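Quick notes on the structure that follows.
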Amino acid sequence: MPNPFEKGDIVRFVGTEDYGIVSESQKDWKEYLDKYRSDEWRKKGITLDFSDAQIVVEFLGDDGTFGHDHINPIYLELYQPEADWSNRSPRDNLLIAASDLHRGEGSLEGLYILTEIYRNHIKETE
């Protein structure tokens, strides 16, 4: 099962408006697959099938919090927010801040500020 995503990538669940951050590295993905290919697991009769091949994605909720889910990579597409900061939506700014944290960049303070901006934007559009 191919997995083109790396930890910190911003993704969208295909056909929806559900956006999230991949929280599993390629290294972790390969170790996960290798476990199922090992002689130990084969002797136990345990094999990997399509439904088992999942990565962890933290999806953005309407309240600005993130909740994780296990998703097969085939159902995800890479999402690219606007490059120009001034043209980005509050959602995209929050996704970028969360992505940065997964990659070891950014700050919790920045994430908090952008979460509040996102929440206010949601309240204003309701």
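Going by the structure tokens order, chains are called A, B, ..., each with residues numbered from 1, while ligands are numbered from 1 in the order shown.
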So that I can check the surroundings of stretch 99-101 of chain A, please list as an MDAnalysis selection string every protein, DNA and RNA residue that reaches within 12 Å of it, counting only C-alpha atoms and ignoring chain neighbours fewer than 3 positions away.
chainID A and resid 6:11 19:24 57:60 66 79:81 92:96 104:112
Resulting file, chosen residues, N, CA and C atoms, as a tab-separated table (two decimals), in the first residue's frame:
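Contents of result.tsv, as written:
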chain	number	residue	atom	x	y	z
A	6	GLU	N	4.01	12.52	4.50
A	6	GLU	CA	5.01	12.59	5.56
A	6	GLU	C	4.39	13.33	6.75
A	7	LYS	N	4.94	13.07	7.91
A	7	LYS	CA	4.48	13.73	9.13
A	7	LYS	C	4.48	15.25	8.92
A	8	GLY	N	3.33	15.87	9.24
A	8	GLY	CA	3.19	17.31	9.09
A	8	GLY	C	2.50	17.74	7.82
A	9	ASP	N	2.30	16.80	6.88
A	9	ASP	CA	1.59	17.16	5.65
A	9	ASP	C	0.14	17.53	5.96
A	10	ILE	N	-0.35	18.54	5.27
A	10	ILE	CA	-1.76	18.93	5.39
A	10	ILE	C	-2.52	18.15	4.32
A	11	VAL	N	-3.58	17.46	4.75
A	11	VAL	CA	-4.34	16.62	3.83
A	11	VAL	C	-5.83	16.93	3.93
A	19	TYR	N	-10.23	18.49	6.81
A	19	TYR	CA	-8.80	18.74	6.66
A	19	TYR	C	-8.07	18.29	7.91
A	20	GLY	N	-6.83	17.83	7.72
A	20	GLY	CA	-6.07	17.38	8.87
A	20	GLY	C	-4.58	17.39	8.62
A	21	ILE	N	-3.87	16.95	9.63
A	21	ILE	CA	-2.41	16.90	9.61
A	21	ILE	C	-1.99	15.45	9.81
A	22	VAL	N	-1.13	14.96	8.92
A	22	VAL	CA	-0.59	13.61	9.07
A	22	VAL	C	0.34	13.61	10.27
A	23	SER	N	0.13	12.68	11.19
A	23	SER	CA	0.98	12.65	12.39
A	23	SER	C	1.85	11.40	12.45
A	24	GLU	N	2.03	10.75	11.31
A	24	GLU	CA	2.86	9.54	11.23
A	24	GLU	C	3.93	9.73	10.16
A	57	VAL	N	-4.16	10.56	11.21
A	57	VAL	CA	-4.37	11.94	10.78
A	57	VAL	C	-5.14	12.65	11.88
A	58	GLU	N	-4.69	13.85	12.22
A	58	GLU	CA	-5.39	14.67	13.19
A	58	GLU	C	-6.25	15.67	12.42
A	59	PHE	N	-7.57	15.45	12.45
A	59	PHE	CA	-8.50	16.27	11.70
A	59	PHE	C	-8.95	17.47	12.52
A	60	LEU	N	-9.09	18.60	11.82
A	60	LEU	CA	-9.52	19.85	12.44
A	60	LEU	C	-11.03	19.83	12.64
A	66	PHE	N	-8.20	19.48	17.37
A	66	PHE	CA	-7.86	18.40	16.46
A	66	PHE	C	-8.14	17.06	17.14
A	79	TYR	N	-3.12	18.76	0.57
A	79	TYR	CA	-3.78	20.06	0.47
A	79	TYR	C	-2.72	21.15	0.58
A	80	GLN	N	-2.77	22.10	-0.34
A	80	GLN	CA	-1.82	23.21	-0.36
A	80	GLN	C	-2.56	24.53	-0.10
A	81	PRO	N	-2.40	25.09	1.10
A	81	PRO	CA	-3.00	26.41	1.36
A	81	PRO	C	-2.34	27.48	0.49
A	92	ASP	N	-6.88	27.77	7.10
A	92	ASP	CA	-5.58	27.43	6.51
A	92	ASP	C	-4.43	27.88	7.41
A	93	ASN	N	-4.56	29.06	8.02
A	93	ASN	CA	-3.51	29.51	8.94
A	93	ASN	C	-3.36	28.56	10.12
A	94	LEU	N	-4.48	28.08	10.64
A	94	LEU	CA	-4.44	27.13	11.75
A	94	LEU	C	-3.83	25.80	11.32
A	95	LEU	N	-4.21	25.32	10.15
A	95	LEU	CA	-3.63	24.07	9.63
A	95	LEU	C	-2.11	24.18	9.46
A	96	ILE	N	-1.66	25.31	8.96
A	96	ILE	CA	-0.22	25.51	8.77
A	96	ILE	C	0.50	25.53	10.12
A	104	GLY	N	8.30	20.14	14.06
A	104	GLY	CA	9.27	20.66	15.01
A	104	GLY	C	9.53	22.14	14.87
A	105	GLU	N	8.61	22.85	14.24
A	105	GLU	CA	8.74	24.29	14.05
A	105	GLU	C	7.55	24.98	14.71
A	106	GLY	N	7.52	26.29	14.67
A	106	GLY	CA	6.38	27.03	15.21
A	106	GLY	C	6.34	27.01	16.72
A	107	SER	N	5.20	27.44	17.26
A	107	SER	CA	5.07	27.50	18.72
A	107	SER	C	3.64	27.20	19.14
A	108	LEU	N	3.50	26.76	20.38
A	108	LEU	CA	2.16	26.53	20.93
A	108	LEU	C	1.39	27.84	21.05
A	109	GLU	N	2.11	28.91	21.37
A	109	GLU	CA	1.46	30.21	21.49
A	109	GLU	C	0.85	30.61	20.14
A	110	GLY	N	1.60	30.42	19.06
A	110	GLY	CA	1.09	30.73	17.73
A	110	GLY	C	-0.12	29.89	17.39
A	111	LEU	N	-0.07	28.61	17.74
A	111	LEU	CA	-1.22	27.72	17.49
A	111	LEU	C	-2.44	28.20	18.28
A	112	TYR	N	-2.23	28.59	19.53
A	112	TYR	CA	-3.32	29.06	20.37
A	112	TYR	C	-3.97	30.32	19.79
Extract the full set of strand (DSSP E or B) residues from stretch 16-66 of chain A according to DSSP on the backbone, and format it as a compact mmCIF listing (two decimals) with N, CA and C atoms, in the first residue's frame.
# COMPACT_ATOMS: atom_id res chain seq x y z
N TYR A 19 -10.23 18.49 6.81
CA TYR A 19 -8.80 18.74 6.66
C TYR A 19 -8.07 18.29 7.91
N GLY A 20 -6.83 17.83 7.72
CA GLY A 20 -6.07 17.38 8.87
C GLY A 20 -4.58 17.39 8.62
N ILE A 21 -3.87 16.95 9.63
CA ILE A 21 -2.41 16.90 9.61
C ILE A 21 -1.99 15.45 9.81
N VAL A 22 -1.13 14.96 8.92
CA VAL A 22 -0.59 13.61 9.07
C VAL A 22 0.34 13.61 10.27
N ILE A 55 -2.95 5.28 8.24
CA ILE A 55 -2.06 6.24 8.90
C ILE A 55 -2.89 7.10 9.84
N VAL A 56 -2.22 7.72 10.78
CA VAL A 56 -2.91 8.57 11.75
C VAL A 56 -2.94 10.00 11.21
N VAL A 57 -4.16 10.56 11.21
CA VAL A 57 -4.37 11.94 10.78
C VAL A 57 -5.14 12.65 11.88
N GLU A 58 -4.69 13.85 12.22
CA GLU A 58 -5.39 14.67 13.19
C GLU A 58 -6.25 15.67 12.42
N PHE A 59 -7.57 15.45 12.45
CA PHE A 59 -8.50 16.27 11.70
C PHE A 59 -8.95 17.47 12.52
N LEU A 60 -9.09 18.60 11.82
CA LEU A 60 -9.52 19.85 12.44
C LEU A 60 -11.03 19.83 12.64
N PHE A 66 -8.20 19.48 17.37
CA PHE A 66 -7.86 18.40 16.46
C PHE A 66 -8.14 17.06 17.14
In terms of only C-alpha atoms, the residue from A:Gly15, A:Gly64, A:Gly45, A:Pro2 at minimal distance from A:Ala97 is A:Gly64
Distance atom CA of A:Trp85-atom CA of A:Glu116, one decimal place?
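Between atom CA of A:Trp85 and atom CA of A:Glu116 the gap works out to 17.2 Å.
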Could you please write out, as a ChimeraX atom specification, every residue of stretch 3-123 of chain A that DSSP assigns to helix (DSSP H, G or I)?
/A:26-37,39-43,50-52,73-75,85-87,90-102,108-123
